[in-house]
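Peer 1: Can you keep this structure in mind? I'll have questions shortly.
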Amino acid sequence: MVIELKSLFSLQLAKDEAPKSPDCCLVCVMADIGVKGKEGSDQFNFYVVTPKYLLNNSEVRWGRGYLLMPEFSWETIKKMVENITSTVCADNWEEAAEQLCKYFEWE
């Protein structure tokens with residue numbers, strides 16, 4: 001089974017918009033991922049966070065579901081999600097979703 005990224009968006013930002021401070025932000029991003037060539041997808045989410053944001057907001061937090069990057073970039077986020085989806089090797093959707101949950105939070 002081959003899966004793919006169907007869409008990528010954030011409820012915090014307009015389409016293709018960057019945060020006001022791309023080098024100091026925490027943004028929740030949603031990725032619609034599904035079986036390649038088929039209709040439908042499931043939504044996975046994660047947080048894009050920058051080191052500068054972490055320095056300024058030092059509360060304790062878990063790491064799963066976070067993509068750490070020096071500066072917010074939709075292009076880089078898309079490449080990173082596509083890199084993960086390209087490594088998934090599964091016989092069915094449940095196995096694929098289980099592998100994706102190592103990185104993302106699932107609906």
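Ligands are numbered from 1 in the order shown, residues from 1 within each chain, and chains are lettered A, B, ... in the order they appear in the structure tokens.
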Set the distance at 9 Å and use only C-alpha atoms: which residues neighbour range 77-86 of chain A once local chain neighbours fewer than 6 positions away are removed? I'd like the list as a list of chain:residue names.

Peer 2: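 Skipping anything fewer than 6 positions along the chain leaves A:Val2, A:Ile3, A:Glu4, A:Leu5, A:Leu8, A:Ala31, A:Ile33, A:Val48, A:Leu67, A:Met69, A:Ala96, A:Leu100, A:Tyr103.
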
Peer 1: Hey, can you check how far CA of Lys52 in chain A sits from CA of Pro19 in chain A?

Peer 2: 13.6 Å

Peer 1: From range 44-90 of chain A, collect each residue whose DSSP state is strand (DSSP E) and return the set as number ranges by chain.

Peer 2: A: 44-49, 66-68

Peer 1: Find, counting only C-alpha atoms, the residue in A:Val88, A:Leu26, A:Ala14, A:Met1 that gets nearest to Leu54 in chain A.

Peer 2: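 Distance minimum relative to Leu54 in chain A lands on A:Leu26.
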
Peer 1: As a list of chain:residue names, list the residues of chain A assigned to alpha helix (DSSP H) by DSSP on the backbone atoms of this structure.

Peer 2: A:Pro51, A:Lys52, A:Tyr53, A:Leu54, A:Leu55, A:Asn56, A:Trp74, A:Glu75, A:Thr76, A:Ile77, A:Lys78, A:Lys79, A:Met80, A:Val81, A:Glu82, A:Asn83, A:Ile84, A:Thr85, A:Ser86, A:Thr87, A:Trp93, A:Glu94, A:Glu95, A:Ala96, A:Ala97, A:Glu98, A:Gln99, A:Leu100

Peer 1: Write the residues of the preceding selection, restricted to N, CA, C and O atoms, as a CSV table (one decimal), in the first residue's frame.

Peer 2:
```csv
chain,number,residue,atom,x,y,z
A,51,PRO,N,13.3,26.8,17.7
A,51,PRO,CA,14.1,26.9,18.9
A,51,PRO,C,14.0,28.2,19.7
A,51,PRO,O,13.9,28.2,20.9
A,52,LYS,N,13.8,29.3,19.0
A,52,LYS,CA,13.6,30.6,19.6
A,52,LYS,C,12.3,30.6,20.5
A,52,LYS,O,12.3,31.1,21.5
A,53,TYR,N,11.3,30.0,19.9
A,53,TYR,CA,10.0,29.9,20.7
A,53,TYR,C,10.3,29.1,22.0
A,53,TYR,O,9.8,29.4,23.0
A,54,LEU,N,11.0,28.0,21.8
A,54,LEU,CA,11.2,27.1,23.0
A,54,LEU,C,12.0,27.9,24.1
A,54,LEU,O,11.8,27.7,25.3
A,55,LEU,N,13.0,28.7,23.6
A,55,LEU,CA,13.8,29.4,24.6
A,55,LEU,C,13.0,30.5,25.3
A,55,LEU,O,13.2,30.7,26.5
A,56,ASN,N,12.0,31.0,24.6
A,56,ASN,CA,11.1,32.1,25.2
A,56,ASN,C,10.0,31.5,26.0
A,56,ASN,O,9.3,32.2,26.7
A,74,TRP,N,6.4,26.6,4.8
A,74,TRP,CA,5.4,25.6,4.2
A,74,TRP,C,6.1,24.6,3.3
A,74,TRP,O,5.8,23.4,3.3
A,75,GLU,N,7.1,25.0,2.5
A,75,GLU,CA,7.8,24.2,1.6
A,75,GLU,C,8.5,23.1,2.3
A,75,GLU,O,8.5,21.9,2.0
A,76,THR,N,9.3,23.5,3.4
A,76,THR,CA,10.0,22.5,4.2
A,76,THR,C,9.1,21.6,4.9
A,76,THR,O,9.4,20.4,5.0
A,77,ILE,N,8.0,22.1,5.5
A,77,ILE,CA,7.0,21.2,6.2
A,77,ILE,C,6.5,20.2,5.3
A,77,ILE,O,6.5,19.0,5.6
A,78,LYS,N,6.1,20.6,4.1
A,78,LYS,CA,5.6,19.6,3.1
A,78,LYS,C,6.6,18.6,2.8
A,78,LYS,O,6.3,17.4,2.7
A,79,LYS,N,7.9,19.0,2.5
A,79,LYS,CA,8.9,18.0,2.2
A,79,LYS,C,9.1,17.0,3.4
A,79,LYS,O,9.3,15.8,3.2
A,80,MET,N,9.1,17.5,4.6
A,80,MET,CA,9.3,16.6,5.8
A,80,MET,C,8.1,15.6,5.9
A,80,MET,O,8.4,14.4,6.2
A,81,VAL,N,6.9,16.1,5.7
A,81,VAL,CA,5.8,15.1,5.8
A,81,VAL,C,5.8,14.1,4.6
A,81,VAL,O,5.6,12.9,4.9
A,82,GLU,N,6.2,14.6,3.5
A,82,GLU,CA,6.3,13.6,2.3
A,82,GLU,C,7.4,12.6,2.6
A,82,GLU,O,7.3,11.5,2.1
A,83,ASN,N,8.5,13.0,3.2
A,83,ASN,CA,9.6,12.1,3.5
A,83,ASN,C,9.1,11.0,4.4
A,83,ASN,O,9.4,9.8,4.3
A,84,ILE,N,8.2,11.4,5.4
A,84,ILE,CA,7.7,10.4,6.3
A,84,ILE,C,6.7,9.5,5.6
A,84,ILE,O,6.8,8.2,5.7
A,85,THR,N,5.8,10.0,4.8
A,85,THR,CA,4.8,9.2,4.1
A,85,THR,C,5.5,8.2,3.1
A,85,THR,O,5.0,7.1,2.9
A,86,SER,N,6.6,8.6,2.6
A,86,SER,CA,7.3,7.8,1.6
A,86,SER,C,8.0,6.6,2.2
A,86,SER,O,8.3,5.6,1.5
A,87,THR,N,8.2,6.6,3.5
A,87,THR,CA,8.8,5.5,4.2
A,87,THR,C,7.8,4.5,4.8
A,87,THR,O,8.3,3.4,5.2
A,93,TRP,N,-4.5,0.1,5.8
A,93,TRP,CA,-4.5,1.5,6.4
A,93,TRP,C,-4.2,1.6,7.8
A,93,TRP,O,-3.5,2.5,8.3
A,94,GLU,N,-4.7,0.6,8.6
A,94,GLU,CA,-4.5,0.6,10.1
A,94,GLU,C,-3.0,0.5,10.4
A,94,GLU,O,-2.5,1.2,11.2
A,95,GLU,N,-2.3,-0.3,9.7
A,95,GLU,CA,-0.8,-0.4,9.8
A,95,GLU,C,-0.1,0.9,9.4
A,95,GLU,O,0.8,1.3,10.1
A,96,ALA,N,-0.6,1.5,8.3
A,96,ALA,CA,0.0,2.7,7.9
A,96,ALA,C,-0.2,3.8,8.9
A,96,ALA,O,0.7,4.5,9.2
A,97,ALA,N,-1.4,3.9,9.4
A,97,ALA,CA,-1.7,5.0,10.4
A,97,ALA,C,-0.9,4.8,11.7
A,97,ALA,O,-0.4,5.7,12.3
A,98,GLU,N,-0.7,3.5,12.1
A,98,GLU,CA,0.1,3.2,13.2
A,98,GLU,C,1.5,3.7,13.1
A,98,GLU,O,2.1,4.3,14.0
A,99,GLN,N,2.1,3.6,11.9
A,99,GLN,CA,3.4,4.1,11.6
A,99,GLN,C,3.5,5.6,11.6
A,99,GLN,O,4.4,6.2,12.1
A,100,LEU,N,2.4,6.2,11.1
A,100,LEU,CA,2.4,7.7,11.0
A,100,LEU,C,2.2,8.2,12.4
A,100,LEU,O,2.7,9.3,12.7
```

Peer 1: Can you list, as a PyMOL selection string, every protein, DNA or RNA residue that comes within 7 Å of Glu71 in chain A when you count only C-alpha atoms, leaving out same-chain residues fewer than 3 positions away?

Peer 2: chain A and resi 22-23+50

Peer 1: Using only C-alpha atoms for the distances, tell me which of A:Val49, A:Glu17, A:Lys6, A:Ala90 is nearest to Arg61 in chain A.

Peer 2: A:Val49

Peer 1: Report the distance between CA of Val27 in chain A and CA of Ser73 in chain A in Å, rounded to one decimal place.

Peer 2: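 Answer for the CA of Val27 in chain A to CA of Ser73 in chain A separation: 11.1 Å.
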
Peer 1: My list of candidates is A:Cys89, A:Cys24, A:Trp106, A:Met30. Which is closest to Phe72 in chain A when distances are computed with only C-alpha atoms?

Peer 2: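 Using only C-alpha atoms, the shortest distance to Phe72 in chain A belongs to A:Cys24.
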
Peer 1: Which polymer residues have any atom within 6 Å of an atom of Asp32 in chain A, counting only C-alpha atoms, with same-chain residues fewer than 2 positions away left out, as a list in words?

Peer 2: Lys6, Ser7, Ser41, Asp42 and Gln43 of chain A
